[in-house]
$ cat target17.cif   # mmCIF, N, CA and C atoms
data_query
loop_
_atom_site.group_PDB
_atom_site.id
_atom_site.type_symbol
_atom_site.label_atom_id
_atom_site.label_comp_id
_atom_site.auth_asym_id
_atom_site.auth_seq_id
_atom_site.Cartn_x
_atom_site.Cartn_y
_atom_site.Cartn_z
ATOM 1 N N MET A 1 -4.243 -8.360 -10.703
ATOM 2 C CA MET A 1 -4.341 -7.145 -11.492
ATOM 3 C C MET A 1 -2.943 -6.589 -11.728
ATOM 4 N N THR A 2 -2.763 -5.931 -12.825
ATOM 5 C CA THR A 2 -1.424 -5.431 -13.148
ATOM 6 C C THR A 2 -1.216 -3.973 -12.776
ATOM 7 N N HIS A 3 -2.267 -3.305 -12.331
ATOM 8 C CA HIS A 3 -2.175 -1.900 -11.933
ATOM 9 C C HIS A 3 -2.922 -1.681 -10.614
ATOM 10 N N TYR A 4 -2.480 -0.682 -9.888
ATOM 11 C CA TYR A 4 -3.209 -0.233 -8.701
ATOM 12 C C TYR A 4 -3.636 1.211 -8.946
ATOM 13 N N ILE A 5 -4.804 1.538 -8.461
ATOM 14 C CA ILE A 5 -5.305 2.902 -8.585
ATOM 15 C C ILE A 5 -4.716 3.741 -7.459
ATOM 16 N N ALA A 6 -4.208 4.898 -7.846
ATOM 17 C CA ALA A 6 -3.643 5.838 -6.878
ATOM 18 C C ALA A 6 -4.474 7.110 -6.894
ATOM 19 N N ILE A 7 -4.638 7.711 -5.746
ATOM 20 C CA ILE A 7 -5.273 9.020 -5.617
ATOM 21 C C ILE A 7 -4.156 10.053 -5.684
ATOM 22 N N VAL A 8 -4.304 11.032 -6.562
ATOM 23 C CA VAL A 8 -3.281 12.048 -6.756
ATOM 24 C C VAL A 8 -3.831 13.382 -6.264
ATOM 25 N N GLU A 9 -3.263 13.865 -5.178
ATOM 26 C CA GLU A 9 -3.711 15.114 -4.573
ATOM 27 C C GLU A 9 -2.811 16.248 -5.053
ATOM 28 N N GLU A 10 -3.338 17.039 -5.973
ATOM 29 C CA GLU A 10 -2.582 18.149 -6.532
ATOM 30 C C GLU A 10 -3.277 19.457 -6.174
ATOM 31 N N GLU A 11 -2.586 20.284 -5.395
ATOM 32 C CA GLU A 11 -3.124 21.577 -4.981
ATOM 33 C C GLU A 11 -2.057 22.636 -5.188
ATOM 34 N N ASP A 12 -2.477 23.823 -5.594
ATOM 35 C CA ASP A 12 -1.536 24.916 -5.841
ATOM 36 C C ASP A 12 -0.661 25.186 -4.627
ATOM 37 N N GLY A 13 0.633 25.332 -4.893
ATOM 38 C CA GLY A 13 1.567 25.695 -3.836
ATOM 39 C C GLY A 13 2.003 24.561 -2.937
ATOM 40 N N LYS A 14 1.593 23.348 -3.238
ATOM 41 C CA LYS A 14 1.948 22.213 -2.397
ATOM 42 C C LYS A 14 2.563 21.112 -3.245
ATOM 43 N N ALA A 15 3.298 20.230 -2.601
ATOM 44 C CA ALA A 15 3.799 19.046 -3.294
ATOM 45 C C ALA A 15 2.600 18.206 -3.733
ATOM 46 N N VAL A 16 2.786 17.446 -4.778
ATOM 47 C CA VAL A 16 1.745 16.557 -5.278
ATOM 48 C C VAL A 16 1.844 15.246 -4.502
ATOM 49 N N GLY A 17 0.793 14.909 -3.784
ATOM 50 C CA GLY A 17 0.768 13.693 -2.978
ATOM 51 C C GLY A 17 0.079 12.560 -3.710
ATOM 52 N N VAL A 18 0.532 11.356 -3.464
ATOM 53 C CA VAL A 18 -0.060 10.163 -4.080
ATOM 54 C C VAL A 18 -0.210 9.101 -2.997
ATOM 55 N N TRP A 19 -1.382 8.462 -2.983
ATOM 56 C CA TRP A 19 -1.602 7.356 -2.056
ATOM 57 C C TRP A 19 -2.498 6.322 -2.717
ATOM 58 N N PHE A 20 -2.414 5.106 -2.210
ATOM 59 C CA PHE A 20 -3.108 3.963 -2.794
ATOM 60 C C PHE A 20 -4.185 3.470 -1.833
ATOM 61 N N PRO A 21 -5.449 3.585 -2.193
ATOM 62 C CA PRO A 21 -6.520 3.135 -1.294
ATOM 63 C C PRO A 21 -6.425 1.660 -0.906
ATOM 64 N N ASP A 22 -5.893 0.832 -1.801
ATOM 65 C CA ASP A 22 -5.822 -0.602 -1.533
ATOM 66 C C ASP A 22 -4.554 -1.029 -0.814
ATOM 67 N N LEU A 23 -3.605 -0.098 -0.645
ATOM 68 C CA LEU A 23 -2.311 -0.455 -0.073
ATOM 69 C C LEU A 23 -2.000 0.459 1.118
ATOM 70 N N PRO A 24 -2.495 0.129 2.286
ATOM 71 C CA PRO A 24 -2.308 0.983 3.459
ATOM 72 C C PRO A 24 -0.835 1.298 3.720
ATOM 73 N N GLY A 25 -0.547 2.579 3.869
ATOM 74 C CA GLY A 25 0.806 3.013 4.154
ATOM 75 C C GLY A 25 1.672 3.258 2.936
ATOM 76 N N CYS A 26 1.176 2.937 1.756
ATOM 77 C CA CYS A 26 1.941 3.168 0.535
ATOM 78 C C CYS A 26 1.608 4.565 0.021
ATOM 79 N N VAL A 27 2.521 5.498 0.239
ATOM 80 C CA VAL A 27 2.319 6.890 -0.146
ATOM 81 C C VAL A 27 3.575 7.416 -0.821
ATOM 82 N N SER A 28 3.405 8.496 -1.556
ATOM 83 C CA SER A 28 4.534 9.126 -2.223
ATOM 84 C C SER A 28 4.176 10.569 -2.518
ATOM 85 N N ALA A 29 5.142 11.301 -3.062
ATOM 86 C CA ALA A 29 4.913 12.696 -3.424
ATOM 87 C C ALA A 29 5.979 13.134 -4.411
ATOM 88 N N GLY A 30 5.781 14.320 -4.941
ATOM 89 C CA GLY A 30 6.749 14.920 -5.836
ATOM 90 C C GLY A 30 6.444 16.388 -6.007
ATOM 91 N N ASP A 31 7.415 17.121 -6.523
ATOM 92 C CA ASP A 31 7.213 18.554 -6.736
ATOM 93 C C ASP A 31 6.306 18.836 -7.924
ATOM 94 N N THR A 32 6.251 17.893 -8.883
ATOM 95 C CA THR A 32 5.386 18.031 -10.062
ATOM 96 C C THR A 32 4.539 16.773 -10.198
ATOM 97 N N LEU A 33 3.538 16.830 -11.028
ATOM 98 C CA LEU A 33 2.689 15.665 -11.266
ATOM 99 C C LEU A 33 3.515 14.512 -11.832
ATOM 100 N N ASP A 34 4.351 14.802 -12.826
ATOM 101 C CA ASP A 34 5.174 13.746 -13.420
ATOM 102 C C ASP A 34 6.090 13.099 -12.387
ATOM 103 N N GLU A 35 6.724 13.917 -11.576
ATOM 104 C CA GLU A 35 7.619 13.392 -10.544
ATOM 105 C C GLU A 35 6.850 12.562 -9.528
ATOM 106 N N ALA A 36 5.680 13.022 -9.154
ATOM 107 C CA ALA A 36 4.868 12.296 -8.172
ATOM 108 C C ALA A 36 4.456 10.924 -8.692
ATOM 109 N N VAL A 37 4.083 10.842 -9.950
ATOM 110 C CA VAL A 37 3.671 9.557 -10.524
ATOM 111 C C VAL A 37 4.868 8.616 -10.631
ATOM 112 N N LEU A 38 6.021 9.129 -11.045
ATOM 113 C CA LEU A 38 7.232 8.299 -11.080
ATOM 114 C C LEU A 38 7.594 7.817 -9.681
ATOM 115 N N ASN A 39 7.518 8.695 -8.710
ATOM 116 C CA ASN A 39 7.819 8.326 -7.332
ATOM 117 C C ASN A 39 6.806 7.321 -6.793
ATOM 118 N N ALA A 40 5.561 7.428 -7.241
ATOM 119 C CA ALA A 40 4.531 6.489 -6.801
ATOM 120 C C ALA A 40 4.849 5.072 -7.266
ATOM 121 N N ALA A 41 5.341 4.945 -8.482
ATOM 122 C CA ALA A 41 5.716 3.623 -8.994
ATOM 123 C C ALA A 41 6.843 3.025 -8.148
ATOM 124 N N GLU A 42 7.815 3.850 -7.785
ATOM 125 C CA GLU A 42 8.922 3.391 -6.938
ATOM 126 C C GLU A 42 8.410 3.033 -5.543
ATOM 127 N N ALA A 43 7.524 3.852 -5.000
ATOM 128 C CA ALA A 43 6.960 3.582 -3.676
ATOM 129 C C ALA A 43 6.181 2.270 -3.673
ATOM 130 N N LEU A 44 5.438 2.021 -4.740
ATOM 131 C CA LEU A 44 4.669 0.783 -4.851
ATOM 132 C C LEU A 44 5.604 -0.424 -4.833
ATOM 133 N N GLU A 45 6.685 -0.349 -5.582
ATOM 134 C CA GLU A 45 7.628 -1.464 -5.619
ATOM 135 C C GLU A 45 8.281 -1.686 -4.255
ATOM 136 N N LEU A 46 8.741 -0.615 -3.616
ATOM 137 C CA LEU A 46 9.372 -0.746 -2.300
ATOM 138 C C LEU A 46 8.391 -1.266 -1.255
ATOM 139 N N TRP A 47 7.163 -0.776 -1.310
ATOM 140 C CA TRP A 47 6.125 -1.218 -0.375
ATOM 141 C C TRP A 47 5.854 -2.712 -0.562
ATOM 142 N N ALA A 48 5.714 -3.131 -1.820
ATOM 143 C CA ALA A 48 5.432 -4.544 -2.108
ATOM 144 C C ALA A 48 6.588 -5.438 -1.669
ATOM 145 N N GLU A 49 7.810 -5.007 -1.913
ATOM 146 C CA GLU A 49 8.973 -5.791 -1.485
ATOM 147 C C GLU A 49 8.995 -5.952 0.038
ATOM 148 N N ALA A 50 8.674 -4.891 0.750
ATOM 149 C CA ALA A 50 8.636 -4.960 2.211
ATOM 150 C C ALA A 50 7.548 -5.917 2.686
ATOM 151 N N MET A 51 6.407 -5.891 2.036
ATOM 152 C CA MET A 51 5.317 -6.803 2.398
ATOM 153 C C MET A 51 5.736 -8.253 2.172
ATOM 154 N N ILE A 52 6.356 -8.521 1.034
ATOM 155 C CA ILE A 52 6.787 -9.878 0.704
ATOM 156 C C ILE A 52 7.835 -10.360 1.708
ATOM 157 N N GLU A 53 8.819 -9.512 1.994
ATOM 158 C CA GLU A 53 9.889 -9.880 2.927
ATOM 159 C C GLU A 53 9.360 -10.166 4.324
ATOM 160 N N SER A 54 8.299 -9.480 4.715
ATOM 161 C CA SER A 54 7.746 -9.699 6.060
ATOM 162 C C SER A 54 6.664 -10.782 6.075
ATOM 163 N N GLY A 55 6.440 -11.423 4.933
ATOM 164 C CA GLY A 55 5.484 -12.525 4.861
ATOM 165 C C GLY A 55 4.031 -12.100 4.813
ATOM 166 N N GLN A 56 3.778 -10.827 4.569
ATOM 167 C CA GLN A 56 2.406 -10.339 4.497
ATOM 168 C C GLN A 56 1.874 -10.429 3.063
ATOM 169 N N LYS A 57 0.578 -10.497 2.959
ATOM 170 C CA LYS A 57 -0.062 -10.579 1.647
ATOM 171 C C LYS A 57 -0.262 -9.187 1.060
ATOM 172 N N ILE A 58 -0.156 -9.118 -0.243
ATOM 173 C CA ILE A 58 -0.426 -7.873 -0.955
ATOM 174 C C ILE A 58 -1.906 -7.890 -1.339
ATOM 175 N N PRO A 59 -2.665 -6.905 -0.889
ATOM 176 C CA PRO A 59 -4.104 -6.903 -1.188
ATOM 177 C C PRO A 59 -4.372 -6.826 -2.689
ATOM 178 N N ALA A 60 -5.481 -7.399 -3.080
ATOM 179 C CA ALA A 60 -5.899 -7.325 -4.477
ATOM 180 C C ALA A 60 -6.251 -5.884 -4.827
ATOM 181 N N ALA A 61 -5.988 -5.526 -6.050
ATOM 182 C CA ALA A 61 -6.350 -4.191 -6.537
ATOM 183 C C ALA A 61 -7.836 -4.170 -6.877
ATOM 184 N N ARG A 62 -8.517 -3.142 -6.415
ATOM 185 C CA ARG A 62 -9.938 -2.977 -6.755
ATOM 186 C C ARG A 62 -10.064 -2.133 -8.020
ATOM 187 N N SER A 63 -11.166 -2.307 -8.685
ATOM 188 C CA SER A 63 -11.460 -1.497 -9.872
ATOM 189 C C SER A 63 -11.935 -0.117 -9.423
ATOM 190 N N LEU A 64 -11.948 0.816 -10.347
ATOM 191 C CA LEU A 64 -12.445 2.154 -10.043
ATOM 192 C C LEU A 64 -13.909 2.091 -9.617
ATOM 193 N N THR A 65 -14.680 1.237 -10.233
ATOM 194 C CA THR A 65 -16.090 1.064 -9.866
ATOM 195 C C THR A 65 -16.208 0.601 -8.417
ATOM 196 N N ASP A 66 -15.373 -0.349 -8.025
ATOM 197 C CA ASP A 66 -15.396 -0.830 -6.641
ATOM 198 C C ASP A 66 -14.977 0.273 -5.671
ATOM 199 N N LEU A 67 -13.970 1.047 -6.040
ATOM 200 C CA LEU A 67 -13.527 2.135 -5.164
ATOM 201 C C LEU A 67 -14.602 3.205 -5.024
ATOM 202 N N LYS A 68 -15.333 3.483 -6.098
ATOM 203 C CA LYS A 68 -16.408 4.476 -6.032
ATOM 204 C C LYS A 68 -17.520 4.047 -5.084
ATOM 205 N N ALA A 69 -17.666 2.748 -4.893
ATOM 206 C CA ALA A 69 -18.693 2.229 -3.986
ATOM 207 C C ALA A 69 -18.249 2.249 -2.527
ATOM 208 N N ASP A 70 -16.980 2.552 -2.284
ATOM 209 C CA ASP A 70 -16.424 2.592 -0.929
ATOM 210 C C ASP A 70 -16.638 3.993 -0.357
ATOM 211 N N SER A 71 -17.498 4.110 0.633
ATOM 212 C CA SER A 71 -17.857 5.423 1.175
ATOM 213 C C SER A 71 -16.659 6.156 1.786
ATOM 214 N N GLU A 72 -15.628 5.433 2.188
ATOM 215 C CA GLU A 72 -14.442 6.080 2.759
ATOM 216 C C GLU A 72 -13.573 6.759 1.700
ATOM 217 N N ILE A 73 -13.767 6.405 0.437
ATOM 218 C CA ILE A 73 -12.916 6.921 -0.640
ATOM 219 C C ILE A 73 -13.678 7.794 -1.625
ATOM 220 N N THR A 74 -14.978 7.733 -1.618
ATOM 221 C CA THR A 74 -15.809 8.442 -2.596
ATOM 222 C C THR A 74 -15.483 9.929 -2.678
ATOM 223 N N GLN A 75 -15.369 10.602 -1.556
ATOM 224 C CA GLN A 75 -15.094 12.047 -1.579
ATOM 225 C C GLN A 75 -13.726 12.355 -2.178
ATOM 226 N N ASP A 76 -12.735 11.532 -1.882
ATOM 227 C CA ASP A 76 -11.407 11.744 -2.454
ATOM 228 C C ASP A 76 -11.426 11.536 -3.961
ATOM 229 N N LEU A 77 -12.179 10.553 -4.425
ATOM 230 C CA LEU A 77 -12.281 10.322 -5.871
ATOM 231 C C LEU A 77 -12.953 11.495 -6.572
ATOM 232 N N ALA A 78 -13.911 12.118 -5.905
ATOM 233 C CA ALA A 78 -14.598 13.267 -6.496
ATOM 234 C C ALA A 78 -13.721 14.518 -6.488
ATOM 235 N N ARG A 79 -12.842 14.631 -5.515
ATOM 236 C CA ARG A 79 -12.033 15.836 -5.348
ATOM 237 C C ARG A 79 -10.702 15.796 -6.110
ATOM 238 N N TYR A 80 -10.091 14.619 -6.191
ATOM 239 C CA TYR A 80 -8.761 14.492 -6.773
ATOM 240 C C TYR A 80 -8.783 13.613 -8.020
ATOM 241 N N MET A 81 -7.654 13.597 -8.717
ATOM 242 C CA MET A 81 -7.545 12.733 -9.894
ATOM 243 C C MET A 81 -7.034 11.367 -9.474
ATOM 244 N N VAL A 82 -7.154 10.427 -10.382
ATOM 245 C CA VAL A 82 -6.628 9.091 -10.142
ATOM 246 C C VAL A 82 -5.594 8.768 -11.210
ATOM 247 N N ALA A 83 -4.708 7.854 -10.880
ATOM 248 C CA ALA A 83 -3.708 7.376 -11.828
ATOM 249 C C ALA A 83 -3.611 5.868 -11.673
ATOM 250 N N LEU A 84 -3.324 5.204 -12.767
ATOM 251 C CA LEU A 84 -3.058 3.773 -12.727
ATOM 252 C C LEU A 84 -1.553 3.596 -12.634
ATOM 253 N N ILE A 85 -1.105 2.959 -11.581
ATOM 254 C CA ILE A 85 0.315 2.735 -11.380
ATOM 255 C C ILE A 85 0.573 1.241 -11.579
ATOM 256 N N PRO A 86 1.456 0.901 -12.512
ATOM 257 C CA PRO A 86 1.694 -0.522 -12.783
ATOM 258 C C PRO A 86 2.370 -1.228 -11.618
ATOM 259 N N PHE A 87 1.892 -2.417 -11.345
ATOM 260 C CA PHE A 87 2.534 -3.257 -10.342
ATOM 261 C C PHE A 87 3.756 -3.887 -10.997
ATOM 262 N N PRO A 88 4.900 -3.900 -10.325
ATOM 263 C CA PRO A 88 6.125 -4.407 -10.944
ATOM 264 C C PRO A 88 5.976 -5.838 -11.457
ATOM 265 N N GLN A 89 6.382 -6.037 -12.683
ATOM 266 C CA GLN A 89 6.277 -7.342 -13.341
ATOM 267 C C GLN A 89 6.946 -8.443 -12.514
ATOM 268 N N ASN A 90 8.101 -8.163 -11.958
ATOM 269 C CA ASN A 90 8.857 -9.177 -11.235
ATOM 270 C C ASN A 90 8.225 -9.575 -9.901
ATOM 271 N N LEU A 91 7.195 -8.849 -9.454
ATOM 272 C CA LEU A 91 6.556 -9.167 -8.174
ATOM 273 C C LEU A 91 5.114 -9.636 -8.344
ATOM 274 N N ARG A 92 4.648 -9.725 -9.555
ATOM 275 C CA ARG A 92 3.219 -10.036 -9.791
ATOM 276 C C ARG A 92 2.779 -11.375 -9.244
ATOM 277 N N GLN A 93 3.678 -12.348 -9.156
ATOM 278 C CA GLN A 93 3.285 -13.646 -8.636
ATOM 279 C C GLN A 93 2.889 -13.565 -7.153
ATOM 280 N N HIS A 94 3.262 -12.464 -6.488
ATOM 281 C CA HIS A 94 2.951 -12.289 -5.062
ATOM 282 C C HIS A 94 1.659 -11.504 -4.835
ATOM 283 N N ALA A 95 1.116 -10.891 -5.864
ATOM 284 C CA ALA A 95 -0.077 -10.055 -5.713
ATOM 285 C C ALA A 95 -1.335 -10.908 -5.766
ATOM 286 N N ALA A 96 -2.298 -10.578 -4.929
ATOM 287 C CA ALA A 96 -3.584 -11.268 -4.941
ATOM 288 C C ALA A 96 -4.343 -10.857 -6.192
ATOM 289 N N GLU A 97 -5.099 -11.775 -6.700
ATOM 290 C CA GLU A 97 -5.917 -11.494 -7.899
ATOM 291 C C GLU A 97 -7.334 -11.201 -7.486
#
$ encode --input "target17.cif" --output "structure tokens"
Amino acid sequence: MTHYIAIVEEEDGKAVGVWFPDLPGCVSAGDTLDEAVLNAAEALELWAEAMIESGQKIPAARSLTDLKADSEITQDLARYMVALIPFPQNLRQHAAE
């Protein structure tokens, strides 16, 4: 897949947080929504590079339908927005399909 779904937690008075249900430990934030999404793309690339360097596999990206069926994520999907963050072109050969 060429994109990963990110959960974007935006609440008044707080930084905008972003995390990836399919990529444990891959998180980011920003002072604004735009900044958070840009930072999420950078976090995804750095996270993927670290996984590759350590010989670990990058999990396949699930579809929104698949994530909605995951009881651990359903409430977050209902409460927060989602964003599609592109997986870096130069690392796609390492991502699971």
$ atom_distance --input "target17.cif" --atom1 "atom CA of Ala40 of chain A" --atom2 "atom CA of Thr2 of chain A"
14.8 Å
$ residues_around --input "target17.cif" --residues "Val82 of chain A" --least-positions-apart "4" --cutoff "6 Å" --atoms "only N, CA and C atoms" --output "list in words"
Ala6, Ile7 and Val8 of chain A
$ write_last_selection --input "target17.cif" --atoms "N, CA and C atoms" --output "compact mmCIF listing (two decimals), in the coordinates of the input"
# COMPACT_ATOMS: atom_id res chain seq x y z
N ALA A 6 -4.21 4.90 -7.85
CA ALA A 6 -3.64 5.84 -6.88
C ALA A 6 -4.47 7.11 -6.89
N ILE A 7 -4.64 7.71 -5.75
CA ILE A 7 -5.27 9.02 -5.62
C ILE A 7 -4.16 10.05 -5.68
N VAL A 8 -4.30 11.03 -6.56
CA VAL A 8 -3.28 12.05 -6.76
C VAL A 8 -3.83 13.38 -6.26
$ resolve_selection --input "target17.cif" --expression "the PyMOL selection byres ((chain A and resi 33-39) around 8)" --output "ChimeraX atom specification"
/A:10,15-18,27-32,40-45,83,85
$ write_last_selection --input "target17.cif" --atoms "N, CA and C atoms" --output "CSV table (one decimal), keeping the file's coordinate frame"
chain,number,residue,atom,x,y,z
A,10,GLU,N,-3.3,17.0,-6.0
A,10,GLU,CA,-2.6,18.1,-6.5
A,10,GLU,C,-3.3,19.5,-6.2
A,15,ALA,N,3.3,20.2,-2.6
A,15,ALA,CA,3.8,19.0,-3.3
A,15,ALA,C,2.6,18.2,-3.7
A,16,VAL,N,2.8,17.4,-4.8
A,16,VAL,CA,1.7,16.6,-5.3
A,16,VAL,C,1.8,15.2,-4.5
A,17,GLY,N,0.8,14.9,-3.8
A,17,GLY,CA,0.8,13.7,-3.0
A,17,GLY,C,0.1,12.6,-3.7
A,18,VAL,N,0.5,11.4,-3.5
A,18,VAL,CA,-0.1,10.2,-4.1
A,18,VAL,C,-0.2,9.1,-3.0
A,27,VAL,N,2.5,5.5,0.2
A,27,VAL,CA,2.3,6.9,-0.1
A,27,VAL,C,3.6,7.4,-0.8
A,28,SER,N,3.4,8.5,-1.6
A,28,SER,CA,4.5,9.1,-2.2
A,28,SER,C,4.2,10.6,-2.5
A,29,ALA,N,5.1,11.3,-3.1
A,29,ALA,CA,4.9,12.7,-3.4
A,29,ALA,C,6.0,13.1,-4.4
A,30,GLY,N,5.8,14.3,-4.9
A,30,GLY,CA,6.7,14.9,-5.8
A,30,GLY,C,6.4,16.4,-6.0
A,31,ASP,N,7.4,17.1,-6.5
A,31,ASP,CA,7.2,18.6,-6.7
A,31,ASP,C,6.3,18.8,-7.9
A,32,THR,N,6.3,17.9,-8.9
A,32,THR,CA,5.4,18.0,-10.1
A,32,THR,C,4.5,16.8,-10.2
A,40,ALA,N,5.6,7.4,-7.2
A,40,ALA,CA,4.5,6.5,-6.8
A,40,ALA,C,4.8,5.1,-7.3
A,41,ALA,N,5.3,4.9,-8.5
A,41,ALA,CA,5.7,3.6,-9.0
A,41,ALA,C,6.8,3.0,-8.1
A,42,GLU,N,7.8,3.8,-7.8
A,42,GLU,CA,8.9,3.4,-6.9
A,42,GLU,C,8.4,3.0,-5.5
A,43,ALA,N,7.5,3.9,-5.0
A,43,ALA,CA,7.0,3.6,-3.7
A,43,ALA,C,6.2,2.3,-3.7
A,44,LEU,N,5.4,2.0,-4.7
A,44,LEU,CA,4.7,0.8,-4.9
A,44,LEU,C,5.6,-0.4,-4.8
A,45,GLU,N,6.7,-0.3,-5.6
A,45,GLU,CA,7.6,-1.5,-5.6
A,45,GLU,C,8.3,-1.7,-4.3
A,83,ALA,N,-4.7,7.9,-10.9
A,83,ALA,CA,-3.7,7.4,-11.8
A,83,ALA,C,-3.6,5.9,-11.7
A,85,ILE,N,-1.1,3.0,-11.6
A,85,ILE,CA,0.3,2.7,-11.4
A,85,ILE,C,0.6,1.2,-11.6
$ resolve_selection --input "target17.cif" --expression "the PyMOL selection byres (((chain A and resi 63 and name CA) around 10) and name CA)" --output "list in words"
Met1, His3, Tyr4, Ile5, Ala60, Ala61, Arg62, Leu64, Thr65, Asp66, Leu67 and Lys68 of chain A
$ select_by_dssp --input "target17.cif" --residues "segment 18-81 of chain A" --states "strand (DSSP E)" --output "list in words"
Val18, Trp19, Val27, Ser28, Ala29, Gly30 and Met81 of chain A
$ atom_distance --input "target17.cif" --atom1 "atom C of Asp70 of chain A" --atom2 "atom N of Leu91 of chain A"
28.6 Å
$ atom_distance --input "target17.cif" --atom1 "atom N of Tyr80 of chain A" --atom2 "atom N of Glu49 of chain A"
26.9 Å
$ axis_aligned_box --input "target17.cif" --around "segment 58-73 of chain A" --padding-each-side "4 Å" --output "AutoDock Vina command-line options"
--center_x -9.4 --center_y -0.7 --center_z -3.8 --size_x 26.5 --size_y 24.9 --size_z 21.1
$ select_by_dssp --input "target17.cif" --residues "chain A" --states "helix (DSSP H, G or I)" --output "PyMOL selection string"
chain A and resi 33-53+64-68+74-79+89-94
$ write_last_selection --input "target17.cif" --atoms "N, CA and C atoms" --output "short mmCIF file (atom, residue, chain, number, x, y, z; two decimals), in the coordinates of the input"
data_model
loop_
_atom_site.label_atom_id
_atom_site.label_comp_id
_atom_site.auth_asym_id
_atom_site.auth_seq_id
_atom_site.Cartn_x
_atom_site.Cartn_y
_atom_site.Cartn_z
N LEU A 33 3.54 16.83 -11.03
CA LEU A 33 2.69 15.66 -11.27
C LEU A 33 3.52 14.51 -11.83
N ASP A 34 4.35 14.80 -12.83
CA ASP A 34 5.17 13.75 -13.42
C ASP A 34 6.09 13.10 -12.39
N GLU A 35 6.72 13.92 -11.58
CA GLU A 35 7.62 13.39 -10.54
C GLU A 35 6.85 12.56 -9.53
N ALA A 36 5.68 13.02 -9.15
CA ALA A 36 4.87 12.30 -8.17
C ALA A 36 4.46 10.92 -8.69
N VAL A 37 4.08 10.84 -9.95
CA VAL A 37 3.67 9.56 -10.52
C VAL A 37 4.87 8.62 -10.63
N LEU A 38 6.02 9.13 -11.04
CA LEU A 38 7.23 8.30 -11.08
C LEU A 38 7.59 7.82 -9.68
N ASN A 39 7.52 8.70 -8.71
CA ASN A 39 7.82 8.33 -7.33
C ASN A 39 6.81 7.32 -6.79
N ALA A 40 5.56 7.43 -7.24
CA ALA A 40 4.53 6.49 -6.80
C ALA A 40 4.85 5.07 -7.27
N ALA A 41 5.34 4.94 -8.48
CA ALA A 41 5.72 3.62 -8.99
C ALA A 41 6.84 3.02 -8.15
N GLU A 42 7.82 3.85 -7.78
CA GLU A 42 8.92 3.39 -6.94
C GLU A 42 8.41 3.03 -5.54
N ALA A 43 7.52 3.85 -5.00
CA ALA A 43 6.96 3.58 -3.68
C ALA A 43 6.18 2.27 -3.67
N LEU A 44 5.44 2.02 -4.74
CA LEU A 44 4.67 0.78 -4.85
C LEU A 44 5.60 -0.42 -4.83
N GLU A 45 6.68 -0.35 -5.58
CA GLU A 45 7.63 -1.46 -5.62
C GLU A 45 8.28 -1.69 -4.26
N LEU A 46 8.74 -0.62 -3.62
CA LEU A 46 9.37 -0.75 -2.30
C LEU A 46 8.39 -1.27 -1.25
N TRP A 47 7.16 -0.78 -1.31
CA TRP A 47 6.12 -1.22 -0.38
C TRP A 47 5.85 -2.71 -0.56
N ALA A 48 5.71 -3.13 -1.82
CA ALA A 48 5.43 -4.54 -2.11
C ALA A 48 6.59 -5.44 -1.67
N GLU A 49 7.81 -5.01 -1.91
CA GLU A 49 8.97 -5.79 -1.48
C GLU A 49 8.99 -5.95 0.04
N ALA A 50 8.67 -4.89 0.75
CA ALA A 50 8.64 -4.96 2.21
C ALA A 50 7.55 -5.92 2.69
N MET A 51 6.41 -5.89 2.04
CA MET A 51 5.32 -6.80 2.40
C MET A 51 5.74 -8.25 2.17
N ILE A 52 6.36 -8.52 1.03
CA ILE A 52 6.79 -9.88 0.70
C ILE A 52 7.84 -10.36 1.71
N GLU A 53 8.82 -9.51 1.99
CA GLU A 53 9.89 -9.88 2.93
C GLU A 53 9.36 -10.17 4.32
N LEU A 64 -11.95 0.82 -10.35
CA LEU A 64 -12.44 2.15 -10.04
C LEU A 64 -13.91 2.09 -9.62
N THR A 65 -14.68 1.24 -10.23
CA THR A 65 -16.09 1.06 -9.87
C THR A 65 -16.21 0.60 -8.42
N ASP A 66 -15.37 -0.35 -8.02
CA ASP A 66 -15.40 -0.83 -6.64
C ASP A 66 -14.98 0.27 -5.67
N LEU A 67 -13.97 1.05 -6.04
CA LEU A 67 -13.53 2.13 -5.16
C LEU A 67 -14.60 3.20 -5.02
N LYS A 68 -15.33 3.48 -6.10
CA LYS A 68 -16.41 4.48 -6.03
C LYS A 68 -17.52 4.05 -5.08
N THR A 74 -14.98 7.73 -1.62
CA THR A 74 -15.81 8.44 -2.60
C THR A 74 -15.48 9.93 -2.68
N GLN A 75 -15.37 10.60 -1.56
CA GLN A 75 -15.09 12.05 -1.58
C GLN A 75 -13.73 12.36 -2.18
N ASP A 76 -12.74 11.53 -1.88
CA ASP A 76 -11.41 11.74 -2.45
C ASP A 76 -11.43 11.54 -3.96
N LEU A 77 -12.18 10.55 -4.42
CA LEU A 77 -12.28 10.32 -5.87
C LEU A 77 -12.95 11.50 -6.57
N ALA A 78 -13.91 12.12 -5.90
CA ALA A 78 -14.60 13.27 -6.50
C ALA A 78 -13.72 14.52 -6.49
N ARG A 79 -12.84 14.63 -5.52
CA ARG A 79 -12.03 15.84 -5.35
C ARG A 79 -10.70 15.80 -6.11
N GLN A 89 6.38 -6.04 -12.68
CA GLN A 89 6.28 -7.34 -13.34
C GLN A 89 6.95 -8.44 -12.51
N ASN A 90 8.10 -8.16 -11.96
CA ASN A 90 8.86 -9.18 -11.24
C ASN A 90 8.22 -9.57 -9.90
N LEU A 91 7.20 -8.85 -9.45
CA LEU A 91 6.56 -9.17 -8.17
C LEU A 91 5.11 -9.64 -8.34
N ARG A 92 4.65 -9.72 -9.56
CA ARG A 92 3.22 -10.04 -9.79
C ARG A 92 2.78 -11.38 -9.24
N GLN A 93 3.68 -12.35 -9.16
CA GLN A 93 3.28 -13.65 -8.64
C GLN A 93 2.89 -13.56 -7.15
N HIS A 94 3.26 -12.46 -6.49
CA HIS A 94 2.95 -12.29 -5.06
C HIS A 94 1.66 -11.50 -4.84
#
